[in-house]
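Peer 1: Structure file start-v1.cif (mmCIF, C-alpha atoms) right here:
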```cif
data_start
#
loop_
_atom_site.label_atom_id
_atom_site.label_comp_id
_atom_site.auth_asym_id
_atom_site.auth_seq_id
_atom_site.Cartn_x
_atom_site.Cartn_y
_atom_site.Cartn_z
CA MET A 1 40.79 32.51 -27.36
CA ARG A 2 39.17 32.42 -23.91
CA LEU A 3 35.73 32.01 -25.53
CA ASP A 4 37.00 29.08 -27.62
CA LEU A 5 38.41 27.46 -24.48
CA THR A 6 35.10 27.95 -22.66
CA ILE A 7 33.18 26.36 -25.52
CA LEU A 8 35.64 23.43 -25.56
CA ILE A 9 35.18 22.87 -21.83
CA ILE A 10 31.39 22.91 -22.19
CA ILE A 11 31.53 20.47 -25.11
CA ASN A 12 33.83 18.14 -23.19
CA TYR A 13 31.57 18.31 -20.14
CA PHE A 14 28.46 17.26 -22.04
CA GLU A 15 30.38 14.59 -23.95
CA ASN A 16 31.59 13.17 -20.62
CA VAL A 17 28.08 13.25 -19.11
CA ALA A 18 26.67 11.44 -22.14
CA ALA A 19 29.53 8.94 -22.12
CA SER A 20 29.13 8.29 -18.41
CA GLU A 21 25.42 7.53 -18.74
CA GLU A 22 26.16 5.25 -21.68
CA ASP A 23 28.91 3.47 -19.74
CA ILE A 24 26.64 3.05 -16.72
CA ARG A 25 24.05 1.37 -18.93
CA GLN A 26 26.65 -1.10 -20.22
CA ILE A 27 26.00 -3.26 -17.18
CA LYS A 28 22.60 -4.62 -18.12
CA TYR A 29 21.22 -7.69 -16.40
CA VAL A 30 17.66 -6.63 -15.59
CA ASP A 31 14.94 -7.23 -18.17
CA LEU A 32 12.79 -4.09 -17.97
CA ASP A 33 10.17 -5.47 -20.34
CA ARG A 34 8.49 -7.60 -17.67
CA TYR A 35 8.33 -8.37 -13.96
CA LEU A 36 10.83 -11.08 -13.06
CA ASN A 37 9.73 -14.20 -11.21
CA LEU A 38 11.76 -15.35 -8.19
CA GLU A 39 14.02 -17.71 -10.12
CA GLU A 40 14.81 -15.01 -12.68
CA ALA A 41 15.44 -12.42 -9.98
CA ILE A 42 17.92 -14.68 -8.19
CA ASP A 43 19.63 -15.37 -11.52
CA VAL A 44 20.09 -11.62 -12.04
CA LEU A 45 21.73 -11.31 -8.61
CA LYS A 46 24.06 -14.22 -9.24
CA ARG A 47 25.09 -12.94 -12.68
CA LEU A 48 25.81 -9.51 -11.22
CA ASN A 49 27.90 -11.18 -8.53
CA ASP A 50 29.76 -13.20 -11.17
CA THR A 51 31.17 -9.97 -12.61
CA LYS A 52 33.61 -10.16 -9.66
CA SER A 53 33.38 -6.40 -9.28
CA ASP A 54 35.44 -4.84 -6.53
CA TYR A 55 32.40 -2.75 -5.69
CA LEU A 56 29.62 -5.34 -5.46
CA GLU A 57 29.03 -8.18 -3.03
CA LEU A 58 26.14 -10.63 -2.77
CA LYS A 59 25.35 -12.29 0.56
CA VAL A 60 22.75 -14.78 1.74
CA LEU A 61 21.50 -13.48 5.09
CA GLY A 62 19.38 -16.53 5.89
CA THR A 63 16.42 -18.56 4.70
CA THR A 64 12.65 -18.58 5.13
CA GLU A 65 12.74 -22.05 6.69
CA MET A 66 10.16 -22.62 9.42
CA GLU A 67 8.45 -25.57 11.08
CA GLY A 68 5.57 -27.04 9.10
CA LYS A 69 6.59 -25.50 5.77
CA GLU A 70 8.33 -27.68 3.20
CA SER A 71 9.71 -25.02 0.89
CA LYS A 72 12.28 -22.39 1.77
CA ASN A 73 14.07 -19.58 -0.06
CA ASP A 74 17.22 -17.60 0.56
CA ILE A 75 17.08 -13.91 1.44
CA TYR A 76 19.79 -11.99 -0.40
CA LEU A 77 21.62 -8.80 0.48
CA VAL A 78 23.35 -6.71 -2.19
CA ILE A 79 26.20 -4.44 -1.05
CA ILE A 80 27.58 -1.83 -3.44
CA GLY A 81 30.46 0.47 -2.57
CA ASP A 82 33.22 0.78 -0.01
CA HIS A 83 32.51 -1.31 3.09
CA SER A 84 34.09 1.32 5.32
CA LYS A 85 31.56 3.98 4.30
CA PRO A 86 28.27 4.86 6.04
CA VAL A 87 25.37 2.62 4.99
CA ILE A 88 22.17 3.66 3.23
CA PHE A 89 19.75 0.71 3.25
CA PHE A 90 16.68 -0.26 1.20
CA ASP A 91 14.18 -3.04 1.90
CA CYS A 92 12.10 -4.07 -1.11
CA GLY A 93 9.43 -6.65 -1.84
CA ILE A 94 8.20 -7.06 1.74
CA HIS A 95 4.67 -7.16 0.30
CA PRO A 96 4.85 -9.64 -2.60
CA ARG A 97 2.04 -8.21 -4.72
CA GLU A 98 3.84 -4.87 -5.01
CA TRP A 99 5.92 -5.99 -8.00
CA ILE A 100 7.17 -2.51 -8.86
CA SER A 101 9.09 -2.43 -5.55
CA PRO A 102 11.64 -5.17 -6.33
CA ALA A 103 11.65 -4.16 -10.01
CA THR A 104 12.71 -0.64 -9.03
CA CYS A 105 15.30 -1.88 -6.57
CA PHE A 106 16.82 -4.16 -9.21
CA PHE A 107 17.00 -1.14 -11.52
CA LEU A 108 18.82 0.86 -8.84
CA ILE A 109 21.20 -2.02 -8.14
CA GLU A 110 22.04 -2.30 -11.84
CA ARG A 111 22.55 1.45 -12.20
CA LEU A 112 24.75 1.60 -9.10
CA ALA A 113 26.84 -1.33 -10.32
CA GLY A 114 27.29 0.44 -13.65
CA PHE A 115 28.19 3.69 -11.93
CA TYR A 116 30.87 2.12 -9.76
CA GLU A 117 32.27 0.13 -12.69
CA HIS A 118 32.23 2.87 -15.34
CA GLY A 119 30.80 6.17 -14.15
CA GLN A 120 33.28 7.23 -11.47
CA LYS A 121 35.88 8.37 -13.99
CA TYR A 122 33.43 11.05 -15.16
CA HIS A 123 31.91 11.89 -11.78
CA SER A 124 34.82 11.74 -9.34
CA LYS A 125 33.08 14.26 -7.06
CA SER A 126 29.74 12.43 -7.02
CA SER A 127 28.18 12.01 -3.59
CA ILE A 128 27.24 8.41 -4.45
CA THR A 129 30.72 7.09 -3.66
CA ASN A 130 30.68 8.63 -0.20
CA PHE A 131 28.32 5.89 0.94
CA GLN A 132 27.79 2.16 0.95
CA TRP A 133 24.49 1.09 -0.60
CA GLN A 134 22.69 -1.98 0.69
CA PHE A 135 19.56 -3.61 -0.70
CA ILE A 136 17.42 -6.58 0.24
CA PRO A 137 15.68 -6.73 -3.16
CA ILE A 138 13.07 -9.32 -2.15
CA LEU A 139 12.51 -9.58 1.60
CA ASN A 140 9.50 -11.91 1.21
CA PRO A 141 10.65 -14.45 -1.41
CA ASP A 142 8.08 -17.13 -0.47
CA GLY A 143 5.20 -14.72 -0.96
CA TYR A 144 6.75 -13.22 -4.09
CA ASN A 145 7.04 -16.68 -5.60
CA LEU A 146 3.34 -17.27 -4.93
CA THR A 147 2.33 -14.06 -6.72
CA HIS A 148 3.84 -15.48 -9.90
CA GLY A 149 1.75 -18.61 -9.43
CA SER A 150 -1.59 -19.14 -7.74
CA ASN A 151 -2.18 -15.84 -5.89
CA ILE A 152 -1.13 -12.60 -7.56
CA LEU A 153 -2.45 -10.55 -4.63
CA GLN A 154 -0.49 -12.33 -1.88
CA ARG A 155 0.53 -9.83 0.83
CA LYS A 156 1.76 -12.02 3.69
CA ASN A 157 4.53 -14.58 4.04
CA ARG A 158 3.87 -18.33 3.90
CA ARG A 159 3.75 -19.28 7.57
CA PRO A 160 1.45 -22.33 7.88
CA PHE A 161 -1.71 -21.96 9.95
CA ASP A 162 -1.36 -23.37 13.49
CA ALA A 163 -4.71 -23.82 15.25
CA THR A 164 -3.07 -24.07 18.68
CA LEU A 165 -2.18 -20.36 18.54
CA PHE A 166 -5.76 -19.06 18.27
CA ASP A 167 -8.93 -19.34 20.30
CA LYS A 168 -12.06 -21.04 19.00
CA ASP A 169 -13.88 -17.80 18.25
CA GLU A 170 -11.04 -16.55 16.05
CA ILE A 171 -10.87 -19.85 14.19
CA LYS A 172 -14.64 -19.91 13.72
CA TYR A 173 -14.80 -16.29 12.56
CA CYS A 174 -12.09 -16.93 9.97
CA SER A 175 -13.36 -20.42 8.95
CA CYS A 176 -9.80 -21.65 9.39
CA ASP A 177 -10.92 -25.24 9.90
CA LYS A 178 -12.53 -25.23 6.44
CA ASN A 179 -9.85 -23.18 4.69
CA PRO A 180 -6.51 -23.26 6.54
CA GLU A 181 -4.69 -21.66 3.60
CA LYS A 182 -6.84 -18.55 4.09
CA CYS A 183 -5.47 -18.35 7.64
CA SER A 184 -1.82 -18.82 6.76
CA GLY A 185 0.81 -16.13 6.66
CA VAL A 186 1.91 -13.03 8.58
CA ASP A 187 2.04 -9.49 7.27
CA LEU A 188 5.77 -8.88 7.64
CA ASN A 189 5.28 -5.11 7.54
CA ARG A 190 3.12 -5.32 10.66
CA ASN A 191 5.54 -7.65 12.49
CA PHE A 192 8.15 -5.14 13.65
CA PRO A 193 8.36 -3.98 17.29
CA SER A 194 7.56 -0.26 17.03
CA GLY A 195 3.82 0.20 17.36
CA TRP A 196 3.22 -3.55 17.02
CA GLY A 197 -0.51 -4.22 17.17
CA LEU A 198 -1.31 -0.54 17.71
CA GLY A 199 -3.27 1.84 15.50
CA ASN A 200 -6.90 2.58 14.78
CA SER A 201 -9.50 0.39 16.49
CA LYS A 202 -10.30 -1.60 13.35
CA PHE A 203 -6.64 -2.49 12.83
CA VAL A 204 -6.20 -3.47 16.47
CA ARG A 205 -9.03 -6.02 16.06
CA ARG A 206 -8.17 -7.28 12.58
CA SER A 207 -4.42 -7.64 13.14
CA LYS A 208 -5.12 -10.41 15.69
CA LEU A 209 -7.03 -12.55 13.17
CA PRO A 210 -5.10 -15.13 11.14
CA CYS A 211 -7.35 -14.63 8.10
CA SER A 212 -6.68 -10.88 7.99
CA ARG A 213 -4.26 -9.65 5.36
CA LEU A 214 -2.88 -7.44 8.19
CA TYR A 215 -2.25 -10.28 10.68
CA LYS A 216 0.67 -9.10 12.82
CA GLY A 217 1.98 -12.45 14.03
CA GLN A 218 2.12 -13.87 17.54
CA LYS A 219 4.84 -11.48 18.67
CA PRO A 220 7.15 -8.84 17.20
CA LEU A 221 9.86 -10.30 14.95
CA SER A 222 8.20 -13.72 15.05
CA GLU A 223 9.05 -14.42 11.41
CA PRO A 224 12.32 -15.60 9.88
CA GLU A 225 12.22 -12.74 7.37
CA THR A 226 11.89 -9.99 9.98
CA GLN A 227 14.42 -11.71 12.27
CA ILE A 228 16.94 -11.82 9.42
CA LEU A 229 16.47 -8.11 8.73
CA ASP A 230 16.76 -7.27 12.43
CA LYS A 231 19.94 -9.30 12.89
CA HIS A 232 21.62 -7.75 9.86
CA LEU A 233 20.78 -4.13 10.65
CA ARG A 234 21.80 -4.51 14.29
CA SER A 235 25.15 -5.87 13.09
CA LEU A 236 25.79 -2.54 11.32
CA GLY A 237 25.52 -0.53 14.53
CA ASN A 238 26.06 3.19 14.01
CA GLN A 239 27.36 2.66 10.48
CA ILE A 240 23.82 2.80 9.09
CA ILE A 241 22.61 6.38 8.64
CA GLY A 242 19.52 6.01 6.43
CA ALA A 243 16.85 3.40 5.69
CA PHE A 244 14.08 3.32 3.09
CA SER A 245 11.24 0.82 2.68
CA ILE A 246 10.07 0.67 -0.95
CA HIS A 247 6.38 -0.09 -1.59
CA SER A 248 3.44 0.59 -3.84
CA TYR A 249 1.14 2.24 -4.25
CA GLY A 250 0.19 5.85 -3.51
CA ARG A 251 3.01 8.19 -4.66
CA GLN A 252 3.93 9.15 -1.11
CA ILE A 253 6.95 9.63 1.15
CA LEU A 254 5.84 8.70 4.66
CA TYR A 255 7.70 9.18 7.91
CA THR A 256 7.28 7.78 11.41
CA LYS A 257 5.17 7.23 13.59
CA GLY A 258 2.61 5.52 11.40
CA TRP A 259 0.31 4.21 14.13
CA LEU A 260 -0.33 7.53 15.89
CA LYS A 261 -2.51 10.51 15.04
CA LYS A 262 -0.53 13.61 14.10
CA ASP A 263 -1.46 15.41 17.33
CA ASP A 264 -0.84 12.45 19.68
CA LYS A 265 1.32 13.35 22.67
CA ASP A 266 3.69 10.48 21.80
CA GLN A 267 4.10 11.58 18.17
CA ILE A 268 7.56 12.76 17.05
CA THR A 269 8.61 16.24 18.15
CA SER A 270 8.13 19.25 15.92
CA ALA A 271 11.92 19.44 15.48
CA GLU A 272 12.02 15.84 14.28
CA GLN A 273 9.08 16.45 11.98
CA LYS A 274 10.75 19.50 10.42
CA ARG A 275 13.99 17.58 9.86
CA LEU A 276 12.23 14.65 8.21
CA GLN A 277 10.04 16.97 6.13
CA LYS A 278 13.04 18.99 4.94
CA PHE A 279 15.05 15.91 3.95
CA ALA A 280 12.04 14.40 2.14
CA GLU A 281 11.46 17.63 0.22
CA SER A 282 15.10 17.68 -0.87
CA ILE A 283 14.82 14.22 -2.48
CA ASN A 284 11.31 14.67 -3.88
CA LYS A 285 11.97 17.00 -6.82
CA ASP A 286 11.82 14.28 -9.48
CA LEU A 287 9.06 12.26 -7.81
CA ASN A 288 6.67 15.03 -6.78
CA PHE A 289 5.14 12.71 -4.18
CA ARG A 290 3.03 13.76 -1.22
CA ILE A 291 5.04 13.98 2.02
CA GLY A 292 3.99 13.56 5.64
CA ASN A 293 3.06 11.13 8.37
CA VAL A 294 0.36 8.53 7.76
CA ASP A 295 -2.38 10.47 9.51
CA GLU A 296 -1.71 13.61 7.47
CA VAL A 297 -1.41 11.87 4.11
CA LEU A 298 -3.82 8.94 4.36
CA GLY A 299 -6.02 9.54 7.37
CA GLU A 300 -6.88 7.77 10.61
CA GLN A 301 -8.18 4.65 8.83
CA PHE A 302 -4.59 3.81 7.82
CA LEU A 303 -2.99 4.13 11.27
CA GLU A 304 -1.26 0.76 11.67
CA GLY A 305 1.85 -0.09 13.67
CA GLY A 306 4.62 -2.61 13.19
CA ALA A 307 6.01 -1.28 9.90
CA SER A 308 9.68 -1.43 9.00
CA ASP A 309 10.14 2.35 8.73
CA ASP A 310 8.85 2.76 12.30
CA TYR A 311 11.25 0.04 13.40
CA PHE A 312 14.17 1.74 11.61
CA TYR A 313 13.49 5.06 13.29
CA ASN A 314 12.19 4.16 16.75
CA THR A 315 13.88 0.84 17.53
CA LEU A 316 17.21 1.20 15.71
CA LYS A 317 17.36 5.01 15.99
CA ILE A 318 18.12 5.55 12.30
CA ASN A 319 17.12 9.19 12.17
CA ILE A 320 16.50 9.34 8.40
CA SER A 321 13.91 6.63 7.70
CA TYR A 322 10.94 6.57 5.35
CA THR A 323 8.46 4.45 3.48
CA ILE A 324 8.33 5.39 -0.19
CA GLU A 325 5.10 4.39 -1.92
CA LEU A 326 5.69 4.26 -5.67
CA ASP A 327 3.20 4.63 -8.53
CA PRO A 328 0.32 4.64 -9.23
CA GLY A 329 -1.48 7.35 -7.25
CA ILE A 330 -3.57 6.41 -4.24
CA ASP A 331 -6.84 7.01 -6.11
CA ASP A 332 -5.83 4.99 -9.16
CA THR A 333 -7.46 1.82 -7.89
CA ASP A 334 -8.22 0.55 -11.40
CA VAL A 335 -4.48 0.03 -11.83
CA GLY A 336 -3.51 -0.60 -8.20
CA PHE A 337 -0.84 -3.28 -7.91
CA ASP A 338 -1.24 -4.24 -11.57
CA LEU A 339 1.10 -1.54 -12.81
CA PRO A 340 1.81 -1.89 -16.56
CA ILE A 341 5.28 -3.09 -17.44
CA GLU A 342 5.77 0.07 -19.51
CA GLN A 343 6.04 1.94 -16.21
CA ILE A 344 9.05 -0.02 -14.92
CA LEU A 345 11.63 2.05 -16.82
CA PRO A 346 10.26 5.56 -16.16
CA ILE A 347 9.76 4.80 -12.45
CA GLY A 348 13.26 3.33 -12.27
CA LYS A 349 14.75 6.42 -13.91
CA LYS A 350 12.93 8.74 -11.48
CA MET A 351 14.15 6.70 -8.53
CA TRP A 352 17.72 6.71 -9.89
CA LYS A 353 17.59 10.52 -9.90
CA THR A 354 16.10 10.35 -6.41
CA LEU A 355 18.90 8.08 -5.22
CA LYS A 356 21.42 10.65 -6.41
CA ARG A 357 19.52 13.32 -4.50
CA ILE A 358 19.56 11.05 -1.42
CA ALA A 359 23.35 10.79 -1.72
CA TYR A 360 23.72 14.55 -2.06
CA ALA A 361 21.42 15.22 0.91
CA PHE A 362 23.37 12.82 3.12
CA LYS A 363 26.66 14.35 1.96
CA LYS A 364 25.45 17.71 3.24
CA MET A 365 24.57 16.07 6.57
CA TYR A 366 27.84 14.12 6.79
CA PRO A 367 30.44 16.25 4.95
CA ALA A 368 33.31 14.12 6.32
CA ALA A 369 31.87 10.88 4.89
#
```
Could you write out this structure as structure tokens?
Peer 2:
Amino acid sequence: MRLDLTILIIINYFENVAASEEDIRQIKYVDLDRYLNLEEAIDVLKRLNDTKSDYLELKVLGTTEMEGKESKNDIYLVIIGDHSKPVIFFDCGIHPREWISPATCFFLIERLAGFYEHGQKYHSKSSITNFQWQFIPILNPDGYNLTHGSNILQRKNRRPFDATLFDKDEIKYCSCDKNPEKCSGVDLNRNFPSGWGLGNSKFVRRSKLPCSRLYKGQKPLSEPETQILDKHLRSLGNQIIGAFSIHSYGRQILYTKGWLKKDDKDQITSAEQKRLQKFAESINKDLNFRIGNVDEVLGEQFLEGGASDDYFYNTLKINISYTIELDPGIDDTDVGFDLPIEQILPIGKKMWKTLKRIAYAFKKMYPAA
């Protein structure tokens, strides 16, 4: 009799797991057969919001409006979960050409919405519901819009070139007078305060030039996009406990400080490094990505300050902060940013498992959450 009862419990467990996954997938708004353009992406957000779920909220944090630029786009925030809970935050699409970043974040948003709407009844003890999940799915909407039009490799935002901000030698070197469009834009992920303008000698020179894809801007947080992010995260205060910046490519989990060599005297302490390494290892089991600081993983030629993960950790003091570089691998330059659409679903599924590991890891850190 006891054996029969055990078998029944096991059968019911697996039936519930299967049912929960099926229920979660019932909320389906994201087309995984292609990369969405900006208009389609916004439509997905609005349709999700129209479900009037008690667990999901869509906010407009601000716009990309700036002097000298005719077009502007809204920057959206998606909030999923109980507003009283600690916040785990994701920025996505800061570099427009990295299409798999917003595609993956939309997948996670859809899965979370499905979980809160249908999955909780099967997973009442899940760590997911202990936290509030926040996403900016496309932080650089102007640039993202351009990648679906005239420049698929756009990295920067759309700030117009202003000759009054540069000296004659810089303008001449970049041929800005002949091609002002080449000199437009700021790399938003080099515009944050921590390590701004610092790094290897080549980056220090290039990040001052308006024609460089790494141009850091005239000052930290000079751009509407980075100002909007800064204002929102500061409004959360101590409620935010984790922050992740989603990029491609390289298959890496990188932690601060990304502008310093690993043995620099101002690098994070060994205790901090061990904590960040341990947390990253705990969430890496489905990804199998390389983990470390930039110098360890990529080398001195990639030491560049002003990234959002450095800002999360060093400016806002969010002590669990990373950049996650999605597929393909760093040496797969033939694919690079042109990741086949067939990879959207498998990468999304791996990151969904990773998100669940993130929730579990934070639950162990904050058992009262």
Peer 1: Leaving out Asn288 in chain A and any residue of its chain fewer than 3 positions from it, which residues lie within 12 Å of it when counting all atoms listed in the file, given as a list in words?
Peer 2: Gly250, Arg251, Gln252, Ile253, Ala280, Glu281, Ser282, Ile283, Asn284, Lys285, Ile291, Ile324, Glu325, Leu326, Asp327, Gly329, Lys350, Met351 and Thr354 of chain A
Peer 1: So that I can see what lies close to range 295-298 of chain A, please list as a list in words the residues with an atom at most 8 Å from it, counting all atoms listed in the file and leaving out residues fewer than 6 positions away in the same chain.
Peer 2: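 Residues near the query, excluding close chain neighbours: Gln252, Leu254, Gly258, Leu260, Lys261 and Lys262 of chain A.
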Peer 1: Given the file shown, enumerate the residues that the PyMOL selection byres ((chain A and resi 164-169) around 12) captures and present them as a list in words.
Peer 2: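 After applying the PyMOL selection byres ((chain A and resi 164-169) around 12), what remains is Pro160, Phe161, Asp162, Ala163, Glu170, Ile171, Lys172, Tyr173, Cys174, Ser175, Cys176, Asp177, Cys183, Ser184, Lys208, Leu209, Pro210, Cys211, Gly217, Gln218 and Lys219 of chain A.
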Peer 1: List as JSON, numbers by chain the protein and nucleic acid residues near range 356-368 of chain A, meaning an atom at most 12 Å away when only C-alpha atoms are counted, but skip any in the same chain fewer than 3 places from it.
Peer 2: {"A": [85, 86, 87, 88, 89, 90, 108, 111, 112, 115, 123, 125, 126, 127, 128, 129, 130, 131, 132, 133, 240, 241, 242, 243, 244, 275, 276, 278, 279, 280, 281, 282, 283, 284, 285, 286, 287, 319, 320, 321, 322, 349, 350, 351, 352, 353]}
Peer 1: So which residues get picked by the PyMOL selection byres ((chain A and resi 221-232) around 7) here, written as a compact mmCIF listing (two decimals) with C-alpha atoms, in the frame of the given file?
Peer 2:
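Output file part-v7.txt is given in full below:
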```txt
# COMPACT_ATOMS: atom_id res chain seq x y z
CA LEU A 61 21.50 -13.48 5.09
CA GLY A 62 19.38 -16.53 5.89
CA THR A 64 12.65 -18.58 5.13
CA LEU A 139 12.51 -9.58 1.60
CA ASN A 140 9.50 -11.91 1.21
CA LEU A 188 5.77 -8.88 7.64
CA ASN A 191 5.54 -7.65 12.49
CA PHE A 192 8.15 -5.14 13.65
CA PRO A 193 8.36 -3.98 17.29
CA GLY A 217 1.98 -12.45 14.03
CA GLN A 218 2.12 -13.87 17.54
CA LYS A 219 4.84 -11.48 18.67
CA PRO A 220 7.15 -8.84 17.20
CA LEU A 233 20.78 -4.13 10.65
CA ARG A 234 21.80 -4.51 14.29
CA SER A 235 25.15 -5.87 13.09
CA LEU A 236 25.79 -2.54 11.32
```
Peer 1: Out of A:Ala41, A:Ile344, A:Ile80, A:Ala307, which residue has the shortest atom-to-atom distance to Ile94 in chain A when counting all atoms listed in the file?
Peer 2: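 Closest to Ile94 in chain A, using all atoms listed in the file: A:Ala307.
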Peer 1: To one decimal in Å, tell me the separation between CA of Asn145 in chain A and CA of Ile75 in chain A.
Peer 2: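 Computed distance, CA of Asn145 in chain A to CA of Ile75 in chain A, equals 12.6 Å.
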Peer 1: Point out the residue among A:Glu67, A:Asp338, A:Asp142, A:Asp91 with the least atom-to-atom distance to Asn37 in chain A, counting only C-alpha atoms.
Peer 2: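 Looking at the shortest contact to Asn37 in chain A, the residue is A:Asp142.
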